[in-house]
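Chemist: The following file, entry_25.cif, comprises mmCIF, C-alpha atoms and all ligand atoms:
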```
data_query
#
loop_
_atom_site.group_PDB
_atom_site.id
_atom_site.type_symbol
_atom_site.label_atom_id
_atom_site.label_comp_id
_atom_site.auth_asym_id
_atom_site.auth_seq_id
_atom_site.Cartn_x
_atom_site.Cartn_y
_atom_site.Cartn_z
ATOM 1 C CA GLY H 1 -84.622 209.417 82.138
ATOM 2 C CA ASN H 2 -87.164 208.498 84.728
ATOM 3 C CA LEU H 3 -87.531 211.929 86.285
ATOM 4 C CA ALA H 4 -88.139 213.365 82.815
ATOM 5 C CA ARG H 5 -90.733 210.660 82.200
ATOM 6 C CA ILE H 6 -92.708 211.809 85.251
ATOM 7 C CA LEU H 7 -92.416 215.439 84.142
ATOM 8 C CA MET H 8 -93.388 214.703 80.535
ATOM 9 C CA THR H 9 -96.455 212.542 81.275
ATOM 10 C CA GLY H 10 -100.103 213.562 81.525
ATOM 11 C CA LYS H 11 -101.910 216.812 80.971
ATOM 12 C CA LEU H 12 -99.159 218.808 82.697
ATOM 13 C CA GLY H 13 -96.418 217.063 80.720
ATOM 14 C CA GLY H 14 -93.664 219.515 79.781
ATOM 15 C CA THR H 15 -94.845 222.358 82.043
ATOM 16 C CA GLY H 16 -92.530 221.625 84.968
ATOM 17 C CA ARG H 17 -95.635 221.232 87.114
ATOM 18 C CA MET H 18 -97.114 217.930 88.192
ATOM 19 C CA VAL H 19 -99.979 216.237 89.952
ATOM 20 C CA ILE H 20 -99.379 212.825 91.524
ATOM 21 C CA LEU H 21 -101.876 210.374 93.052
ATOM 22 C CA PRO H 22 -100.461 208.814 96.268
ATOM 23 C CA VAL H 23 -102.283 205.834 97.723
ATOM 24 C CA ASP H 24 -100.459 204.564 100.798
ATOM 25 C CA GLN H 25 -103.194 205.608 103.226
ATOM 26 C CA GLY H 26 -104.279 201.963 103.634
ATOM 27 C CA PHE H 27 -100.932 201.423 105.359
ATOM 28 C CA GLU H 28 -100.827 204.759 107.138
ATOM 29 C CA HIS H 29 -104.441 205.010 108.322
ATOM 30 C CA GLY H 30 -106.092 201.621 107.691
ATOM 31 C CA PRO H 31 -108.425 200.328 104.973
ATOM 32 C CA ALA H 32 -111.851 201.492 106.187
ATOM 33 C CA ARG H 33 -110.686 204.979 107.142
ATOM 34 C CA SER H 34 -109.099 205.277 103.718
ATOM 35 C CA PHE H 35 -111.471 203.505 101.355
ATOM 36 C CA ALA H 36 -114.933 203.204 102.965
ATOM 37 C CA PRO H 37 -115.870 206.733 101.785
ATOM 38 C CA ASN H 38 -115.609 205.431 98.180
ATOM 39 C CA PRO H 39 -115.555 201.604 98.177
ATOM 40 C CA PRO H 40 -114.315 201.110 94.567
ATOM 41 C CA ALA H 41 -111.004 202.461 95.940
ATOM 42 C CA TYR H 42 -110.389 199.179 97.785
ATOM 43 C CA ASP H 43 -109.295 197.812 94.377
ATOM 44 C CA PRO H 44 -105.759 198.977 93.467
ATOM 45 C CA ARG H 45 -106.726 198.964 89.773
ATOM 46 C CA TYR H 46 -109.135 201.804 90.544
ATOM 47 C CA HIS H 47 -106.214 204.099 91.408
ATOM 48 C CA PHE H 48 -104.383 203.360 88.182
ATOM 49 C CA GLU H 49 -107.575 204.117 86.257
ATOM 50 C CA LEU H 50 -108.193 207.319 88.179
ATOM 51 C CA ALA H 51 -104.637 208.582 87.668
ATOM 52 C CA ILE H 52 -104.619 207.655 83.962
ATOM 53 C CA GLU H 53 -108.084 209.086 83.202
ATOM 54 C CA ALA H 54 -107.271 212.292 85.069
ATOM 55 C CA GLY H 55 -104.062 212.695 83.043
ATOM 56 C CA LEU H 56 -101.788 212.795 86.102
ATOM 57 C CA ASN H 57 -98.013 212.594 86.034
ATOM 58 C CA ALA H 58 -97.610 209.554 88.274
ATOM 59 C CA TYR H 59 -99.187 207.155 90.744
ATOM 60 C CA ALA H 60 -97.413 206.275 94.014
ATOM 61 C CA ALA H 61 -98.185 203.188 96.111
ATOM 62 C CA PRO H 62 -96.642 200.484 98.286
ATOM 63 C CA LEU H 63 -95.443 197.177 96.845
ATOM 64 C CA GLY H 64 -98.553 195.032 97.247
ATOM 65 C CA ALA H 65 -100.869 197.500 95.557
ATOM 66 C CA LEU H 66 -98.566 197.891 92.544
ATOM 67 C CA GLU H 67 -98.111 194.133 92.265
ATOM 68 C CA ALA H 68 -101.846 193.469 92.465
ATOM 69 C CA ALA H 69 -102.571 195.794 89.532
ATOM 70 C CA ALA H 70 -99.398 195.286 87.499
ATOM 71 C CA GLY H 71 -101.022 192.743 85.165
ATOM 72 C CA SER H 72 -103.562 195.323 84.011
ATOM 73 C CA TYR H 73 -101.707 198.618 84.018
ATOM 74 C CA ALA H 74 -97.931 198.079 83.871
ATOM 75 C CA GLY H 75 -96.391 200.792 81.689
ATOM 76 C CA CYS H 76 -99.558 202.910 81.398
ATOM 77 C CA ILE H 77 -98.414 205.680 83.750
ATOM 78 C CA PRO H 78 -95.169 206.357 85.653
ATOM 79 C CA THR H 79 -95.257 204.717 89.086
ATOM 80 C CA ILE H 80 -93.468 205.553 92.304
ATOM 81 C CA LEU H 81 -92.862 202.583 94.586
ATOM 82 C CA LYS H 82 -93.303 203.685 98.196
ATOM 83 C CA VAL H 83 -90.499 201.694 99.817
ATOM 84 C CA ASN H 84 -91.213 202.444 103.457
ATOM 85 C CA SER H 85 -94.417 202.577 105.415
ATOM 86 C CA SER H 86 -95.810 203.283 108.847
ATOM 87 C CA ASN H 87 -99.166 202.366 110.317
ATOM 88 C CA SER H 88 -101.620 203.729 112.844
ATOM 89 C CA LEU H 89 -101.185 200.769 115.203
ATOM 90 C CA SER H 90 -97.647 201.883 115.993
ATOM 91 C CA THR H 91 -96.795 204.134 118.930
ATOM 92 C CA THR H 92 -93.370 205.029 117.510
ATOM 93 C CA LYS H 93 -92.682 207.691 114.887
ATOM 94 C CA ASP H 94 -90.867 205.305 112.590
ATOM 95 C CA GLN H 95 -91.349 203.522 109.277
ATOM 96 C CA ALA H 96 -90.460 200.013 108.118
ATOM 97 C CA VAL H 97 -88.686 199.411 104.825
ATOM 98 C CA THR H 98 -91.285 197.357 102.947
ATOM 99 C CA ALA H 99 -89.841 197.179 99.423
ATOM 100 C CA THR H 100 -86.541 197.322 97.581
ATOM 101 C CA VAL H 101 -85.014 199.014 94.559
ATOM 102 C CA GLN H 102 -85.071 195.594 92.864
ATOM 103 C CA ASP H 103 -88.853 195.564 93.342
ATOM 104 C CA ALA H 104 -89.079 199.001 91.732
ATOM 105 C CA LEU H 105 -87.105 197.756 88.718
ATOM 106 C CA ARG H 106 -89.143 194.552 88.447
ATOM 107 C CA LEU H 107 -92.366 196.577 88.463
ATOM 108 C CA GLY H 108 -91.077 199.105 85.922
ATOM 109 C CA CYS H 109 -91.315 202.039 88.338
ATOM 110 C CA SER H 110 -89.863 205.457 87.557
ATOM 111 C CA ALA H 111 -88.982 206.304 91.142
ATOM 112 C CA ILE H 112 -88.847 205.148 94.706
ATOM 113 C CA GLY H 113 -90.708 207.049 97.400
ATOM 114 C CA PHE H 114 -89.446 207.262 100.970
ATOM 115 C CA THR H 115 -90.779 209.021 104.062
ATOM 116 C CA ILE H 116 -88.559 210.662 106.655
ATOM 117 C CA TYR H 117 -89.843 212.090 109.940
ATOM 118 C CA PRO H 118 -87.431 214.917 110.861
ATOM 119 C CA GLY H 119 -87.773 215.346 114.627
ATOM 120 C CA SER H 120 -88.582 211.735 115.469
ATOM 121 C CA GLU H 121 -86.413 209.580 117.753
ATOM 122 C CA TYR H 122 -85.753 207.419 114.691
ATOM 123 C CA GLN H 123 -84.963 210.197 112.236
ATOM 124 C CA PHE H 124 -81.304 209.374 111.815
ATOM 125 C CA GLU H 125 -81.947 205.678 111.110
ATOM 126 C CA MET H 126 -84.549 206.699 108.545
ATOM 127 C CA MET H 127 -82.106 209.079 106.865
ATOM 128 C CA GLU H 128 -79.466 206.349 106.772
ATOM 129 C CA GLU H 129 -81.930 203.907 105.199
ATOM 130 C CA LEU H 130 -82.781 206.603 102.686
ATOM 131 C CA ARG H 131 -79.097 207.128 101.875
ATOM 132 C CA GLU H 132 -78.676 203.438 101.028
ATOM 133 C CA LEU H 133 -81.866 203.178 98.991
ATOM 134 C CA SER H 134 -81.214 206.475 97.169
ATOM 135 C CA ALA H 135 -77.725 205.396 96.185
ATOM 136 C CA GLU H 136 -79.097 202.115 94.824
ATOM 137 C CA ALA H 137 -81.969 203.827 93.033
ATOM 138 C CA LYS H 138 -79.769 206.489 91.428
ATOM 139 C CA ALA H 139 -77.258 203.847 90.315
ATOM 140 C CA VAL H 140 -79.986 202.225 88.204
ATOM 141 C CA GLY H 141 -81.494 205.494 86.979
ATOM 142 C CA LEU H 142 -84.546 205.707 89.222
ATOM 143 C CA ALA H 143 -85.688 209.031 90.650
ATOM 144 C CA VAL H 144 -86.071 209.568 94.398
ATOM 145 C CA VAL H 145 -89.190 211.158 95.867
ATOM 146 C CA THR H 146 -88.929 212.033 99.555
ATOM 147 C CA TRP H 147 -91.937 212.630 101.781
ATOM 148 C CA SER H 148 -90.618 214.847 104.592
ATOM 149 C CA TYR H 149 -92.995 214.984 107.543
ATOM 150 C CA PRO H 150 -91.757 216.603 110.752
ATOM 151 C CA ARG H 151 -93.007 214.784 113.819
ATOM 152 C CA GLY H 152 -91.642 213.689 117.174
ATOM 153 C CA PRO H 153 -91.347 214.721 120.807
ATOM 154 C CA MET H 154 -90.311 218.312 120.158
ATOM 155 C CA LEU H 155 -93.242 219.062 117.851
ATOM 156 C CA ASP H 156 -96.919 219.431 118.633
ATOM 157 C CA LYS H 157 -99.628 219.393 115.923
ATOM 158 C CA VAL H 158 -99.047 223.095 115.234
ATOM 159 C CA GLY H 159 -95.289 222.584 115.025
ATOM 160 C CA GLU H 160 -95.586 219.776 112.457
ATOM 161 C CA THR H 161 -96.862 222.136 109.758
ATOM 162 C CA ALA H 162 -95.423 225.448 111.010
ATOM 163 C CA LEU H 163 -93.737 227.415 108.249
ATOM 164 C CA ASP H 164 -90.180 227.310 109.582
ATOM 165 C CA ILE H 165 -90.414 223.609 110.430
ATOM 166 C CA ALA H 166 -91.871 222.747 107.003
ATOM 167 C CA ALA H 167 -89.060 224.691 105.321
ATOM 168 C CA TYR H 168 -86.506 222.917 107.524
ATOM 169 C CA ALA H 169 -87.972 219.503 106.647
ATOM 170 C CA ALA H 170 -88.020 220.351 102.935
ATOM 171 C CA HIS H 171 -84.397 221.510 103.092
ATOM 172 C CA ILE H 172 -83.319 218.323 104.895
ATOM 173 C CA ALA H 173 -85.004 216.265 102.153
ATOM 174 C CA ALA H 174 -83.182 218.307 99.493
ATOM 175 C CA LEU H 175 -79.894 217.704 101.289
ATOM 176 C CA THR H 176 -80.506 213.942 101.333
ATOM 177 C CA GLY H 177 -80.480 214.101 97.536
ATOM 178 C CA ALA H 178 -84.190 213.872 96.700
ATOM 179 C CA HIS H 179 -85.237 214.785 93.151
ATOM 180 C CA ILE H 180 -88.806 215.496 94.244
ATOM 181 C CA ILE H 181 -89.615 216.691 97.749
ATOM 182 C CA LYS H 182 -93.035 216.320 99.230
ATOM 183 C CA VAL H 183 -94.270 218.314 102.220
ATOM 184 C CA LYS H 184 -97.594 219.409 103.667
ATOM 185 C CA PRO H 185 -98.643 222.971 102.834
ATOM 186 C CA PRO H 186 -97.173 225.166 105.611
ATOM 187 C CA THR H 187 -99.430 227.089 107.964
ATOM 188 C CA ASP H 188 -98.821 230.643 109.197
ATOM 189 C CA ALA H 189 -97.462 229.362 112.525
ATOM 190 C CA VAL H 190 -93.759 229.876 113.217
ATOM 191 C CA PHE H 191 -92.801 227.202 115.690
ATOM 192 C CA LEU H 192 -89.313 228.187 116.768
ATOM 193 C CA ASP H 193 -90.444 231.749 117.328
ATOM 194 C CA ALA H 194 -93.295 230.499 119.456
ATOM 195 C CA ALA H 195 -90.931 228.336 121.455
ATOM 196 C CA LYS H 196 -88.520 231.321 121.704
ATOM 197 C CA LYS H 197 -85.745 229.064 120.498
ATOM 198 C CA THR H 198 -84.174 231.271 117.836
ATOM 199 C CA TYR H 199 -85.001 234.302 115.770
ATOM 200 C CA GLN H 200 -87.688 236.774 116.671
ATOM 201 C CA SER H 201 -89.052 237.487 113.240
ATOM 202 C CA HIS H 202 -89.409 235.360 110.177
ATOM 203 C CA PRO H 203 -88.194 236.617 106.786
ATOM 204 C CA VAL H 204 -91.592 236.036 105.174
ATOM 205 C CA ASP H 205 -95.066 237.505 105.321
ATOM 206 C CA VAL H 206 -96.487 234.454 107.071
ATOM 207 C CA LYS H 207 -100.087 235.496 106.409
ATOM 208 C CA ASP H 208 -99.531 235.286 102.634
ATOM 209 C CA ALA H 209 -100.054 231.655 101.528
ATOM 210 C CA ALA H 210 -98.140 232.129 98.252
ATOM 211 C CA ALA H 211 -95.208 233.714 100.122
ATOM 212 C CA ARG H 212 -95.145 230.705 102.429
ATOM 213 C CA ILE H 213 -94.936 228.378 99.423
ATOM 214 C CA ALA H 214 -92.166 230.534 97.929
ATOM 215 C CA HIS H 215 -90.260 230.186 101.201
ATOM 216 C CA ILE H 216 -90.443 226.377 100.912
ATOM 217 C CA VAL H 217 -89.347 226.521 97.259
ATOM 218 C CA GLN H 218 -86.357 228.609 98.334
ATOM 219 C CA ALA H 219 -85.507 225.995 100.976
ATOM 220 C CA CYS H 220 -85.444 223.387 98.168
ATOM 221 C CA PHE H 221 -82.235 224.893 96.783
ATOM 222 C CA ALA H 222 -83.888 228.016 95.407
ATOM 223 C CA GLY H 223 -86.023 225.985 93.026
ATOM 224 C CA ARG H 224 -83.256 223.655 91.846
ATOM 225 C CA ARG H 225 -85.210 220.730 93.279
ATOM 226 C CA LEU H 226 -88.869 219.969 92.647
ATOM 227 C CA VAL H 227 -91.298 220.381 95.520
ATOM 228 C CA VAL H 228 -94.903 219.186 95.678
ATOM 229 C CA PHE H 229 -97.504 219.700 98.366
ATOM 230 C CA SER H 230 -99.966 217.171 99.745
ATOM 231 C CA GLY H 231 -103.721 217.522 99.690
ATOM 232 C CA GLY H 232 -104.390 216.282 103.226
ATOM 233 C CA GLU H 233 -107.652 214.911 104.512
ATOM 234 C CA ALA H 234 -110.789 215.235 102.411
ATOM 235 C CA LYS H 235 -112.099 218.802 102.336
ATOM 236 C CA GLY H 236 -114.302 221.006 100.207
ATOM 237 C CA ALA H 237 -113.220 221.549 96.599
ATOM 238 C CA ASP H 238 -112.933 225.328 97.083
ATOM 239 C CA ALA H 239 -110.584 225.002 100.049
ATOM 240 C CA LEU H 240 -108.355 222.608 98.127
ATOM 241 C CA LEU H 241 -108.360 224.747 94.965
ATOM 242 C CA ASN H 242 -107.378 227.804 97.008
ATOM 243 C CA GLU H 243 -104.381 225.902 98.356
ATOM 244 C CA VAL H 244 -103.460 224.935 94.808
ATOM 245 C CA ARG H 245 -103.719 228.581 93.682
ATOM 246 C CA ALA H 246 -101.237 229.520 96.410
ATOM 247 C CA ILE H 247 -98.879 226.692 95.398
ATOM 248 C CA HIS H 248 -99.033 227.851 91.790
ATOM 249 C CA ALA H 249 -98.546 231.515 92.700
ATOM 250 C CA GLY H 250 -95.679 230.707 95.070
ATOM 251 C CA GLY H 251 -93.767 228.712 92.436
ATOM 252 C CA GLY H 252 -94.361 225.225 93.857
ATOM 253 C CA ASN H 253 -94.096 222.393 91.345
ATOM 254 C CA GLY H 254 -97.429 220.798 92.022
ATOM 255 C CA SER H 255 -99.637 218.658 94.174
ATOM 256 C CA ILE H 256 -99.750 215.139 95.453
ATOM 257 C CA VAL H 257 -103.390 214.534 96.169
ATOM 258 C CA GLY H 258 -104.603 211.264 97.665
ATOM 259 C CA ARG H 259 -107.675 211.346 99.892
ATOM 260 C CA ASN H 260 -109.171 214.372 98.167
ATOM 261 C CA ALA H 261 -109.111 212.356 94.953
ATOM 262 C CA PHE H 262 -109.891 208.720 95.767
ATOM 263 C CA GLN H 263 -112.381 209.373 98.594
ATOM 264 C CA ARG H 264 -114.695 211.231 96.188
ATOM 265 C CA PRO H 265 -116.894 209.438 93.642
ATOM 266 C CA LYS H 266 -114.852 209.098 90.470
ATOM 267 C CA ASP H 267 -116.681 211.735 88.394
ATOM 268 C CA GLU H 268 -116.246 214.311 91.168
ATOM 269 C CA ALA H 269 -112.599 213.369 91.595
ATOM 270 C CA LEU H 270 -111.954 213.747 87.857
ATOM 271 C CA LYS H 271 -113.580 217.191 87.878
ATOM 272 C CA LEU H 272 -111.519 218.321 90.867
ATOM 273 C CA LEU H 273 -108.265 217.000 89.400
ATOM 274 C CA SER H 274 -109.060 218.702 86.113
ATOM 275 C CA ASP H 275 -109.624 222.010 87.954
ATOM 276 C CA ILE H 276 -106.297 221.556 89.761
ATOM 277 C CA ILE H 277 -104.522 220.894 86.458
ATOM 278 C CA ASP H 278 -106.103 224.017 84.947
ATOM 279 C CA ILE H 279 -104.701 226.131 87.785
ATOM 280 C CA TYR H 280 -101.216 224.752 87.173
ATOM 281 C CA LYS H 281 -101.652 225.467 83.458
ATOM 282 C CA GLY H 282 -102.418 229.055 84.386
ATOM 283 C CA LYS H 283 -105.980 228.789 83.044
ATOM 284 C CA ALA H 284 -107.844 229.459 86.275
HETATM 285 P P1 LIG H 301 -103.182 212.894 101.065
HETATM 286 O O1 LIG H 301 -103.365 213.767 99.865
HETATM 287 O O2 LIG H 301 -104.279 211.903 101.235
HETATM 288 O O3 LIG H 301 -102.910 213.716 102.294
HETATM 289 O O4 LIG H 301 -101.899 212.017 100.771
HETATM 290 C C1 LIG H 301 -100.638 212.473 101.008
HETATM 291 C C2 LIG H 301 -99.942 211.655 102.078
HETATM 292 O O5 LIG H 301 -98.599 212.023 102.180
HETATM 293 C C3 LIG H 301 -99.984 210.158 101.874
HETATM 294 O O6 LIG H 301 -98.986 209.722 101.001
HETATM 295 C C4 LIG H 301 -99.847 209.654 103.268
HETATM 296 O O7 LIG H 301 -100.423 208.420 103.457
HETATM 297 C C5 LIG H 301 -100.602 210.677 104.047
HETATM 298 O O8 LIG H 301 -100.541 211.882 103.333
HETATM 299 C C6 LIG H 301 -100.065 210.828 105.448
HETATM 300 O O9 LIG H 301 -100.863 211.773 106.078
HETATM 301 P P2 LIG H 301 -100.811 211.995 107.637
HETATM 302 O O10 LIG H 301 -99.392 212.336 107.952
HETATM 303 O O11 LIG H 301 -101.736 213.137 107.847
HETATM 304 O O12 LIG H 301 -101.233 210.743 108.290
#
```
Now, as a test, write the supplied structure out as structure tokens.
Modeler:
Amino acid sequence: GNLARILMTGKLGGTGRMVILPVDQGFEHGPARSFAPNPPAYDPRYHFELAIEAGLNAYAAPLGALEAAAGSYAGCIPTILKVNSSNSLSTTKDQAVTATVQDALRLGCSAIGFTIYPGSEYQFEMMEELRELSAEAKAVGLAVVTWSYPRGPMLDKVGETALDIAAYAAHIAALTGAHIIKVKPPTDAVFLDAAKKTYQSHPVDVKDAAARIAHIVQACFAGRRLVVFSGGEAKGADALLNEVRAIHAGGGNGSIVGRNAFQRPKDEALKLLSDIIDIYKGKA
């Protein structure tokens, strides 16, 4: 049904790989920080156009942005309704539920998207909210996409993207029943080793970016769940394409690229997204 629709859409349709455009950074980081680098991106219709023209699999956004553009683009590309959101004015590592499964149905979405923060003081409430929303979404045939971002008192900036912590967060998301799991690309840090909390050596060559991706894929039920990796803040095209090469080589299912797409002028963004798609097609 809806998961298949995401997988069958766009230039990567039918390959098992996908590229998704996520635009919730207005909530997470604020409008100017997100959209001033490329002002046409203040208009939610711009993101639909970008995702459609680039031949992506899906576009993910919070309620208001999907509603504001629904009149023009409903049905043109699978959408993922981001049903919870945080913001940079908050001091707590928590998210508010800002949309419902009913909203997703009304807007013709293929999936709901939900963020959990494993490690935060509020992690268990977030997981319980996710359980309720997932059950509702699955009952009506919607897919569930879970953003799993470790953060909280135990983790410093290095810990948030350390390989073992990223794998742990991905595995937790798989266990909550996500169809698609979204994490940041893991670094070569191994947090629990550093903190001398558990094992002394990690079962992976941490210096090998593709091996790190393969370790995350393994944590997502040995590849029985889909896992995509975020693009992060805007960076040079070569750096991003190298990350994508590692995701492809490590067996990851794709990328979810926001700022690196919509903060560039549209022609540059289309070129970069096309290069990313070519890597996932095995052409580059
Ligand atoms: P980007 O490609 O822009 O990193 O988007 C992916 C994403 O998960 C967004 O959905 C979200 O708003 C953002 O990253 C959160 O990033 P951070 O945790 O660094 O604030």
Chemist: Name the residues, by chain letter and number, that sit within 6 Å of ligand LIG 301 (chain H) using all atoms listed in the file, and give them as JSON, numbers by chain.
Modeler: {"H": [22, 24, 25, 28, 230, 231, 232, 233, 256, 257, 258, 259]}
Chemist: Could you give me, as JSON, numbers by chain, the residues that sit within 6 Å of (-89.0, 206.5, 104.6) in the file's coordinates, counting all atoms listed in the file?
Modeler: {"H": [84, 114, 115, 116, 126]}
Chemist: Would you compute the distance between CA of Leu175 (chain H) and CA of Phe221 (chain H)? Give it in Å to one decimal.
Modeler: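 Interatomic distance, CA of Leu175 (chain H) to CA of Phe221 (chain H): 8.8 Å.
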Chemist: So which residues touch Thr9 (chain H) within 8 Å, counting all atoms listed in the file, skipping near sequence neighbours fewer than 2 positions away, as a ChimeraX atom specification?
Modeler: /H:5-7,11-14,55-58,77-78
Chemist: Can you work out which one of H:Tyr42, H:Leu63, H:Asp275, H:Asn242 has the shortest atom-to-atom distance to Ala99 (chain H), counting only C-alpha atoms?
Modeler: H:Leu63
Chemist: As an exercise, work out the distance from CA of Ser274 (chain H) to CA of Ala60 (chain H) in Å and give it to one decimal place.
Modeler: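 Separation of CA of Ser274 (chain H) and CA of Ala60 (chain H): 18.8 Å.
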Chemist: The PyMOL selection byres (((chain H and resi 247) around 10) and not hetatm) on the file shown: which residues, as a PyMOL selection string?
Modeler: chain H and resi 185+209-214+217+227-229+241-246+248-255+279-280
Chemist: Take the residues from that selection and put them in a file with C-alpha atoms, as a PDB file, in the frame of the given file.
Modeler:
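The resulting file, selection.pdb, is shown below:
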```
ATOM      1  CA  PRO H 185     -98.643 222.971 102.834  1.00  0.00           C
ATOM      2  CA  ALA H 209    -100.054 231.655 101.528  1.00  0.00           C
ATOM      3  CA  ALA H 210     -98.140 232.129  98.252  1.00  0.00           C
ATOM      4  CA  ALA H 211     -95.208 233.714 100.122  1.00  0.00           C
ATOM      5  CA  ARG H 212     -95.145 230.705 102.429  1.00  0.00           C
ATOM      6  CA  ILE H 213     -94.936 228.378  99.423  1.00  0.00           C
ATOM      7  CA  ALA H 214     -92.166 230.534  97.929  1.00  0.00           C
ATOM      8  CA  VAL H 217     -89.347 226.521  97.259  1.00  0.00           C
ATOM      9  CA  VAL H 227     -91.298 220.381  95.520  1.00  0.00           C
ATOM     10  CA  VAL H 228     -94.903 219.186  95.678  1.00  0.00           C
ATOM     11  CA  PHE H 229     -97.504 219.700  98.366  1.00  0.00           C
ATOM     12  CA  LEU H 241    -108.360 224.747  94.965  1.00  0.00           C
ATOM     13  CA  ASN H 242    -107.378 227.804  97.008  1.00  0.00           C
ATOM     14  CA  GLU H 243    -104.381 225.902  98.356  1.00  0.00           C
ATOM     15  CA  VAL H 244    -103.460 224.935  94.808  1.00  0.00           C
ATOM     16  CA  ARG H 245    -103.719 228.581  93.682  1.00  0.00           C
ATOM     17  CA  ALA H 246    -101.237 229.520  96.410  1.00  0.00           C
ATOM     18  CA  HIS H 248     -99.033 227.851  91.790  1.00  0.00           C
ATOM     19  CA  ALA H 249     -98.546 231.515  92.700  1.00  0.00           C
ATOM     20  CA  GLY H 250     -95.679 230.707  95.070  1.00  0.00           C
ATOM     21  CA  GLY H 251     -93.767 228.712  92.436  1.00  0.00           C
ATOM     22  CA  GLY H 252     -94.361 225.225  93.857  1.00  0.00           C
ATOM     23  CA  ASN H 253     -94.096 222.393  91.345  1.00  0.00           C
ATOM     24  CA  GLY H 254     -97.429 220.798  92.022  1.00  0.00           C
ATOM     25  CA  SER H 255     -99.637 218.658  94.174  1.00  0.00           C
ATOM     26  CA  ILE H 279    -104.701 226.131  87.785  1.00  0.00           C
ATOM     27  CA  TYR H 280    -101.216 224.752  87.173  1.00  0.00           C
TER      28      TYR H 280
END
```
Chemist: What's the separation between CA of Pro118 (chain H) and CA of Arg17 (chain H), in Å to one decimal place?
Modeler: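 CA of Arg17 (chain H) lies 25.9 Å from CA of Pro118 (chain H).
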Chemist: From the set H:Tyr46, H:Tyr122, H:Tyr117, H:Tyr168, which residue has the shortest atom-to-atom contact distance to Leu21 (chain H), counting only C-alpha atoms?
Modeler: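 Using only C-alpha atoms, the shortest distance to Leu21 (chain H) belongs to H:Tyr46.
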Chemist: Excluding Pro44 (chain H) and residues on its chain fewer than 3 positions from it, collect all residues at most 10 Å away from it, counting all atoms listed in the file, and give them as number ranges by chain.
Modeler: H: 23, 40-41, 47-49, 61, 64-70
Chemist: Running the PyMOL selection byres (((chain H and resi 106) around 12) and not hetatm) on this model by hand, what would come out? Give it as a ChimeraX atom specification.
Modeler: /H:63,66-67,70,74-75,79,81,99-105,107-110,140
Chemist: Counting all atoms listed in the file, which of H:Val83, H:Ala173, H:Val145, H:Ala96 gets nearest to Leu3 (chain H)?
Modeler: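 Closest to Leu3 (chain H) of all the choices is H:Val145.
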Chemist: Could you list, as a list in words, every residue matched by the PyMOL selection byres (((chain H and resi 180) around 8) and not hetatm) in this structure?
Modeler: Val144, Val145, Thr146, Ala178, His179, Ile181, Lys182, Arg225, Leu226, Val227 and Val228 of chain H
Chemist: Let me see the file: selected residues, C-alpha atoms, as a PDB file, in the frame of the given file.
Modeler:
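Heads up, here's the output in result.pdb:
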```
ATOM      1  CA  VAL H 144     -86.071 209.568  94.398  1.00  0.00           C
ATOM      2  CA  VAL H 145     -89.190 211.158  95.867  1.00  0.00           C
ATOM      3  CA  THR H 146     -88.929 212.033  99.555  1.00  0.00           C
ATOM      4  CA  ALA H 178     -84.190 213.872  96.700  1.00  0.00           C
ATOM      5  CA  HIS H 179     -85.237 214.785  93.151  1.00  0.00           C
ATOM      6  CA  ILE H 181     -89.615 216.691  97.749  1.00  0.00           C
ATOM      7  CA  LYS H 182     -93.035 216.320  99.230  1.00  0.00           C
ATOM      8  CA  ARG H 225     -85.210 220.730  93.279  1.00  0.00           C
ATOM      9  CA  LEU H 226     -88.869 219.969  92.647  1.00  0.00           C
ATOM     10  CA  VAL H 227     -91.298 220.381  95.520  1.00  0.00           C
ATOM     11  CA  VAL H 228     -94.903 219.186  95.678  1.00  0.00           C
TER      12      VAL H 228
END
```
